[in-house]
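Enquirer: Supplied structure: upload_34.txt, compact mmCIF, C-alpha atoms.
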```txt
# COMPACT_ATOMS: atom_id res chain seq x y z
CA MET A 769 -18.58 -52.20 212.44
CA ARG A 770 -19.13 -55.48 214.23
CA SER A 771 -22.35 -56.03 212.27
CA ILE A 772 -20.58 -55.45 208.95
CA TRP A 773 -18.01 -58.06 209.93
CA GLU A 774 -20.71 -60.55 210.92
CA ASP A 775 -22.96 -59.86 207.93
CA TYR A 776 -20.32 -59.89 205.23
CA TYR A 777 -17.43 -62.10 206.34
CA ALA A 778 -19.00 -65.38 205.21
CA LYS A 779 -20.47 -63.91 202.02
CA LEU A 780 -17.14 -62.33 201.14
CA THR A 781 -15.41 -65.66 201.68
CA VAL A 782 -17.60 -67.21 198.99
CA PHE A 783 -17.28 -64.19 196.71
CA VAL A 784 -13.49 -64.21 197.08
CA SER A 785 -13.34 -67.91 196.24
CA LEU A 786 -15.32 -67.17 193.07
CA SER A 787 -13.19 -64.15 192.23
CA LEU A 788 -9.87 -65.88 192.72
CA GLY A 789 -11.03 -68.65 190.44
CA ARG A 790 -10.06 -72.23 189.92
CA GLY A 791 -6.86 -71.51 188.03
CA THR A 792 -5.20 -69.74 190.89
CA SER A 793 -2.48 -71.25 193.02
CA LEU A 794 -3.55 -69.28 196.07
CA LEU A 795 -3.96 -71.65 198.99
CA ALA A 796 -6.98 -71.79 201.28
CA GLU A 797 -5.09 -69.87 203.97
CA ASP A 798 -4.25 -67.21 201.39
CA SER A 799 -7.95 -66.84 200.60
CA GLU A 800 -8.65 -66.39 204.29
CA ASP A 801 -5.95 -63.74 204.45
CA VAL A 802 -7.47 -62.02 201.43
CA VAL A 803 -10.89 -61.91 203.11
CA GLN A 804 -9.38 -60.48 206.29
CA GLU A 805 -7.45 -57.87 204.33
CA ILE A 806 -10.65 -56.88 202.57
CA MET A 807 -12.52 -56.58 205.87
CA ILE A 808 -9.73 -54.40 207.30
CA LYS A 809 -9.84 -52.21 204.22
CA ILE A 810 -13.63 -51.88 204.48
CA LEU A 811 -13.67 -51.04 208.18
CA SER A 812 -10.79 -48.57 207.87
CA ASN A 813 -12.45 -46.78 204.97
CA LEU A 814 -16.02 -46.58 206.22
CA HIS A 815 -15.77 -42.78 206.23
CA ARG A 816 -15.41 -42.91 202.45
CA TYR A 817 -18.65 -44.81 201.94
CA ASP A 818 -21.15 -42.67 200.05
CA ARG A 819 -24.56 -43.39 201.54
CA ARG A 820 -26.34 -42.71 198.25
CA TYR A 821 -25.16 -46.12 197.07
CA SER A 822 -25.89 -49.48 198.61
CA LEU A 823 -23.42 -50.75 201.18
CA GLY A 824 -23.24 -54.10 199.40
CA THR A 825 -22.19 -52.49 196.12
CA TRP A 826 -19.40 -50.60 197.86
CA ILE A 827 -18.19 -53.63 199.81
CA TYR A 828 -18.17 -55.99 196.82
CA SER A 829 -16.42 -53.38 194.67
CA ILE A 830 -13.62 -53.22 197.22
CA ALA A 831 -13.51 -57.02 197.38
CA ARG A 832 -13.39 -57.35 193.62
CA ASN A 833 -10.55 -54.84 193.27
CA HIS A 834 -8.62 -56.45 196.10
CA CYS A 835 -8.95 -59.89 194.51
CA ARG A 836 -7.72 -58.49 191.22
CA ASP A 837 -4.65 -57.08 192.97
CA ALA A 838 -4.09 -60.35 194.83
CA LEU A 839 -4.21 -62.30 191.58
CA ARG A 840 -1.78 -59.87 189.98
CA LYS A 841 0.66 -60.21 192.88
CA GLN A 842 0.28 -63.97 192.83
CA LEU A 843 1.02 -64.02 189.11
CA VAL A 844 4.23 -62.09 189.67
CA ARG A 845 5.19 -64.38 192.56
CA SER A 846 4.49 -67.54 190.59
CA ARG A 847 6.66 -66.28 187.75
CA HIS A 848 9.49 -65.76 190.22
CA MET A 849 9.06 -69.25 191.63
CA ALA A 850 9.10 -70.82 188.17
CA GLY A 851 5.74 -72.50 188.48
CA VAL A 852 6.47 -74.40 191.69
CA LEU A 853 3.19 -73.39 193.28
CA ILE A 854 1.16 -73.86 190.15
CA ASP A 855 2.40 -77.42 189.75
CA ASP A 856 2.00 -78.29 193.41
CA PRO A 857 -1.64 -77.74 194.37
CA PRO A 858 -2.83 -81.35 193.86
CA SER A 859 -0.38 -82.56 196.51
CA ARG A 860 -1.69 -80.31 199.24
CA ALA A 861 -4.09 -81.67 201.84
CA ALA A 862 -7.72 -80.86 201.15
CA GLY A 863 -9.26 -78.63 203.82
CA PRO A 864 -12.83 -79.04 205.11
CA GLU A 865 -14.04 -76.24 202.85
CA GLU A 866 -12.61 -77.95 199.80
CA GLU A 867 -14.19 -81.26 200.83
CA LEU A 868 -17.52 -79.53 201.08
CA MET A 869 -17.02 -77.86 197.73
CA ARG A 870 -16.25 -81.20 196.12
CA LYS A 871 -19.45 -82.70 197.46
CA GLU A 872 -21.51 -79.79 196.25
CA GLN A 873 -19.95 -79.93 192.82
CA GLU A 874 -21.50 -83.35 192.49
CA SER A 875 -24.95 -81.78 192.43
CA ILE A 876 -26.39 -80.57 189.17
CA VAL A 877 -26.41 -76.96 190.25
CA GLY A 878 -22.88 -77.14 191.58
CA ARG A 879 -21.58 -78.80 188.44
CA TYR A 880 -23.35 -76.30 186.25
CA LEU A 881 -22.10 -73.26 188.18
CA ASP A 882 -18.61 -74.69 188.28
CA SER A 883 -18.66 -74.95 184.51
CA LEU A 884 -19.29 -71.21 184.18
CA GLY A 885 -16.53 -68.68 183.72
CA ASP A 886 -15.43 -66.84 186.84
CA GLY A 887 -17.15 -63.62 185.81
CA SER A 888 -20.47 -65.42 185.39
CA GLN A 889 -20.16 -67.07 188.77
CA GLN A 890 -19.76 -63.66 190.37
CA VAL A 891 -22.77 -62.40 188.44
CA ALA A 892 -24.85 -65.39 189.60
CA PHE A 893 -23.79 -64.88 193.21
CA LEU A 894 -24.51 -61.16 193.28
CA ARG A 895 -27.78 -61.44 191.39
CA PHE A 896 -29.40 -64.46 193.01
CA THR A 897 -27.85 -64.50 196.47
CA GLU A 898 -27.32 -60.81 197.12
CA ARG A 899 -30.36 -59.76 195.04
CA MET A 900 -28.45 -56.89 193.45
CA SER A 901 -29.81 -54.98 190.48
CA TYR A 902 -28.12 -55.19 187.06
CA ASP A 903 -26.76 -51.67 187.56
CA GLU A 904 -25.28 -52.51 190.94
CA ILE A 905 -23.64 -55.67 189.61
CA GLY A 906 -22.32 -53.63 186.70
CA GLN A 907 -20.75 -51.19 189.14
CA VAL A 908 -19.11 -53.95 191.15
CA LEU A 909 -17.74 -55.84 188.16
CA GLU A 910 -17.14 -52.76 186.02
CA THR A 911 -19.30 -54.22 183.30
CA PRO A 912 -22.20 -52.59 181.42
CA ALA A 913 -25.60 -53.38 182.94
CA GLY A 914 -26.76 -54.76 179.57
CA THR A 915 -23.97 -57.33 179.59
CA VAL A 916 -24.87 -58.32 183.13
CA LYS A 917 -28.51 -58.75 182.12
CA TYR A 918 -27.52 -60.95 179.20
CA ARG A 919 -25.27 -63.10 181.40
CA VAL A 920 -28.05 -63.53 183.96
CA HIS A 921 -30.40 -64.61 181.20
CA GLU A 922 -27.85 -67.12 179.88
CA ILE A 923 -27.12 -68.51 183.34
CA ARG A 924 -30.82 -68.97 184.07
CA LYS A 925 -31.45 -70.59 180.71
CA GLY A 926 -28.41 -72.86 180.99
CA LEU A 927 -29.34 -74.09 184.46
CA ARG A 928 -32.94 -74.66 183.42
CA ASN A 929 -31.70 -76.87 180.58
CA ALA A 930 -29.28 -78.69 182.85
CA LEU A 931 -32.02 -79.36 185.38
CA GLU A 932 -34.42 -80.60 182.73
CA GLU A 933 -31.82 -82.88 181.22
CA GLY A 934 -30.75 -84.01 184.65
CA THR A 935 -27.10 -83.66 183.79
CA MET B 1214 -41.44 -75.07 189.27
CA LEU B 1215 -39.76 -77.58 186.96
CA TRP B 1216 -40.60 -81.27 186.77
CA LYS B 1217 -38.49 -84.01 185.24
CA LYS B 1218 -39.07 -87.73 185.64
CA GLY B 1219 -40.76 -87.32 188.97
CA ARG B 1220 -38.04 -85.02 190.29
CA ARG B 1221 -39.01 -81.56 191.38
CA PHE B 1222 -36.78 -78.54 191.05
CA ARG B 1223 -37.31 -74.99 192.12
CA ARG B 1224 -36.74 -72.09 189.75
CA PRO B 1225 -33.12 -71.87 188.52
CA GLU B 1226 -32.57 -68.63 190.44
CA ASP B 1227 -33.74 -70.25 193.68
CA GLU B 1228 -31.48 -73.23 193.09
CA ILE B 1229 -28.49 -70.94 192.57
CA ALA B 1230 -29.32 -68.81 195.61
CA GLU B 1231 -29.66 -71.93 197.76
CA TYR B 1232 -26.39 -73.35 196.43
CA TYR B 1233 -24.38 -70.25 197.31
CA LEU B 1234 -26.21 -69.68 200.60
CA SER B 1235 -25.31 -73.22 201.68
CA ARG B 1236 -21.67 -72.35 201.02
CA VAL B 1237 -22.04 -69.11 202.95
CA ARG B 1238 -23.55 -70.99 205.90
CA GLU B 1239 -20.61 -73.36 205.98
CA VAL B 1240 -18.09 -70.58 206.58
CA ASP B 1241 -16.91 -70.19 210.16
CA VAL B 1242 -16.98 -66.50 210.91
CA PRO B 1243 -14.16 -65.67 213.33
CA PRO B 1244 -14.82 -63.04 215.99
CA VAL B 1245 -13.87 -59.58 214.86
CA PRO B 1246 -10.38 -58.83 216.20
CA ASP B 1247 -10.55 -56.17 218.91
CA ARG B 1248 -7.35 -54.66 217.61
CA LEU B 1249 -9.02 -54.09 214.25
CA LEU B 1250 -12.12 -52.56 215.81
CA THR B 1251 -10.02 -50.18 217.87
CA GLN B 1252 -7.78 -49.28 214.97
CA ALA B 1253 -10.61 -48.89 212.46
CA GLY B 1254 -12.76 -47.05 215.00
CA ARG B 1255 -10.00 -44.57 215.74
CA GLU B 1256 -9.33 -44.04 212.07
CA TYR B 1257 -13.05 -43.57 211.38
CA GLU B 1258 -13.38 -41.01 214.19
CA ARG B 1259 -10.28 -39.16 213.06
CA ARG B 1260 -11.40 -38.92 209.44
CA THR B 1261 -14.99 -38.02 210.35
CA GLU B 1262 -13.67 -35.24 212.55
CA ALA B 1263 -11.39 -34.06 209.74
CA HIS B 1264 -14.38 -33.89 207.40
CA ARG B 1265 -16.38 -31.87 209.89
CA GLU B 1266 -13.60 -29.32 210.06
CA ASP B 1267 -13.33 -29.14 206.30
CA ASP B 1268 -15.02 -26.08 204.81
CA PHE B 1269 -15.70 -27.73 201.51
CA PRO B 1270 -18.76 -29.97 201.68
CA ARG B 1271 -18.00 -33.61 200.89
CA GLY B 1272 -20.18 -36.26 199.36
CA ARG B 1273 -23.01 -34.79 197.38
CA HIS B 1274 -21.13 -31.73 196.14
CA ARG B 1275 -17.72 -33.28 195.78
CA ASN B 1276 -18.35 -34.13 192.19
CA GLY B 1277 -19.49 -31.27 189.96
CA LEU B 1278 -21.65 -33.61 187.89
CA ASN B 1279 -23.77 -34.30 190.93
CA ARG B 1280 -24.90 -30.70 190.90
CA VAL B 1281 -26.33 -30.83 187.40
CA PRO B 1282 -29.87 -31.71 188.55
CA ASP B 1283 -29.80 -28.84 191.07
CA ILE B 1284 -28.59 -26.37 188.46
CA ALA B 1285 -31.12 -27.57 185.90
CA PHE B 1286 -33.90 -27.22 188.40
CA ALA B 1287 -32.79 -23.75 189.42
CA LEU B 1288 -32.74 -22.72 185.74
CA PHE B 1289 -36.17 -24.20 185.19
CA PHE B 1290 -37.49 -22.39 188.22
CA ALA B 1291 -35.96 -19.09 187.10
CA VAL B 1292 -37.49 -19.40 183.61
CA SER B 1293 -40.89 -20.33 185.00
CA PHE B 1294 -40.72 -17.43 187.38
CA ALA B 1295 -39.77 -15.01 184.59
CA VAL B 1296 -42.59 -16.25 182.36
CA VAL B 1297 -45.09 -15.91 185.14
CA THR B 1298 -44.01 -12.43 186.19
CA THR B 1299 -43.76 -11.01 182.68
CA ASN B 1300 -46.91 -12.49 181.15
CA ILE B 1301 -49.34 -12.71 183.96
CA GLY B 1302 -48.32 -9.58 185.75
CA ARG B 1303 -49.20 -11.00 189.13
CA PRO B 1304 -45.89 -12.02 190.63
CA SER B 1305 -46.48 -11.10 194.17
CA SER B 1306 -48.40 -13.93 195.80
CA PHE B 1307 -47.26 -16.78 193.59
CA ALA B 1308 -43.62 -15.73 193.60
CA ALA B 1309 -43.60 -15.24 197.34
CA HIS B 1310 -45.23 -18.63 197.76
CA MET B 1311 -42.65 -20.35 195.57
CA ILE B 1312 -39.67 -18.57 197.08
CA ALA B 1313 -40.81 -19.50 200.58
CA ARG B 1314 -40.98 -23.15 199.62
CA ALA B 1315 -37.67 -23.02 197.77
CA ASP B 1316 -36.07 -21.64 200.93
CA GLN B 1317 -37.42 -24.60 202.84
CA GLY B 1318 -36.19 -26.99 200.15
CA ARG B 1319 -39.74 -28.20 199.42
CA TRP B 1320 -39.09 -28.78 195.72
CA ALA B 1321 -41.76 -31.45 195.36
CA GLU B 1322 -44.41 -28.84 196.11
CA ILE B 1323 -42.91 -26.23 193.82
CA LEU B 1324 -42.45 -28.30 190.69
CA PRO B 1325 -46.12 -29.05 189.89
CA ARG B 1326 -47.20 -25.51 190.79
CA ALA B 1327 -44.45 -23.94 188.71
CA LEU B 1328 -45.28 -26.18 185.75
CA ASP B 1329 -48.93 -25.36 186.05
CA GLU B 1330 -48.35 -21.62 186.27
CA ALA B 1331 -45.84 -21.63 183.43
CA GLN B 1332 -48.30 -23.51 181.24
CA LYS B 1333 -51.05 -21.05 182.04
CA ALA B 1334 -48.73 -18.12 181.34
CA VAL B 1335 -47.62 -19.45 177.98
CA PHE B 1336 -51.21 -20.22 177.03
CA SER B 1337 -52.43 -16.77 178.06
CA SER B 1338 -49.60 -15.07 176.15
CA PHE B 1339 -50.76 -16.85 172.98
CA THR B 1340 -54.44 -16.20 173.50
CA GLY B 1341 -53.83 -12.68 174.76
CA GLY B 1342 -55.76 -13.52 177.92
```
Please render this file's structure as structure tokens.

Expert:
Amino acid sequence: MRSIWEDYYAKLTVFVSLSLGRGTSLLAEDSEDVVQEIMIKILSNLHRYDRRYSLGTWIYSIARNHCRDALRKQLVRSRHMAGVLIDDPPSRAAGPEEELMRKEQESIVGRYLDSLGDGSQQVAFLRFTERMSYDEIGQVLETPAGTVKYRVHEIRKGLRNALEEGT
Amino acid sequence: MLWKKGRRFRRPEDEIAEYYLSRVREVDVPPVPDRLLTQAGREYERRTEAHREDDFPRGRHRNGLNRVPDIAFALFFAVSFAVVTTNIGRPSSFAAHMIARADQGRWAEILPRALDEAQKAVFSSFTGG
């Protein structure tokens, strides 16, 4: 259990930030809470893990579903608060993680990835960082493997162009 | 490797992997809360124990669809066996051999032999051999 925490906490933090997306009004502390909730869910449900499938697929599926629920709850909350949170984010103090993100977005790769839709960012993360197969990514994102393959192709092609143009 | 105006880039996939890995490395991983370990550990033990006591096998046989390959193989084996016994007329040694391996779950050994024997049987039934 300890090794799962150590192996996946940081990776899930990045995956959650991609899943929650730029348009969300969830604060950095909320994201941290979401990651911790996901880890608790994973550790408490280890007995349900089917060993025929990869552990990563199972973990990221839970994370993806949890993020979807968090976004749904946040949407309901923001409606109740009449857009207060949505209008406020620019005024909040930038945390160290956000500072780092801003610096990285200045790079070509960062800018390019940031320009992608949230679904494509998740695909890029799972494919190139977690080395998952198209089928596994499809299971996590509940998307056909063919669609995943096409997105991967487009991401690769787009970044190649961006690198060549130096934009 | 891509080159542009003296600048060198790695493959796009390596650039992406490196970008996300650098973000992963920047995350401070807090120590796992002991309370969570205890709670999750207890829950895990309790559920595992509950599964052990459960008569119905979990996992592989929980979903009926998972059994399709087993059923298909059993059918295939039964048909092969029938063909062999009816056409060749020498069921004893081969059948005993196959059944012994089936009992031990050594399907990888049975499949090629069964295919081979079934092929021979069909061929001999046509040629009258």

Enquirer: Just give me the gap between CA of Ser822 in chain A and CA of Ile808 in chain A in Å, one decimal is fine.

Expert: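 Calculated distance between CA of Ser822 in chain A and CA of Ile808 in chain A is 19.0 Å.
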
Enquirer: I need the chain A residues near chain B as a PyMOL selection string; criterion: at most 9 Å, counting only C-alpha atoms.

Expert: chain A and resi 769-770+773-774+777-782+808-809+811-816+818-820+865+868-869+872+877-878+881+892-893+895-898+923-928+931-934

Enquirer: What does the distance from CA of Phe1290 in chain B to CA of Gln1317 in chain B come to in Å, to one decimal?

Expert: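 A separation of 14.8 Å between them.
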
Enquirer: To one decimal place, how far is CA of Ile810 in chain A from CA of Leu788 in chain A in Å?

Expert: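 Distance between the two atoms: 18.7 Å.
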
Enquirer: Measuring between all atoms listed in the file, which one of A:Val891, A:Ala930, A:Ala831, A:Met900 shows the shortest distance to Val916 in chain A?

Expert: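 Ranked by minimum distance to Val916 in chain A, first place goes to A:Val891.
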
Enquirer: Would you be able to write out as a PyMOL selection string which residues have an atom within 12 Å of (-12.7, -54.6, 194.7) in the file's coordinates, counting only C-alpha atoms?

Expert: chain A and resi 780+783-784+787-788+802-803+805-807+809-810+824-839+907-910
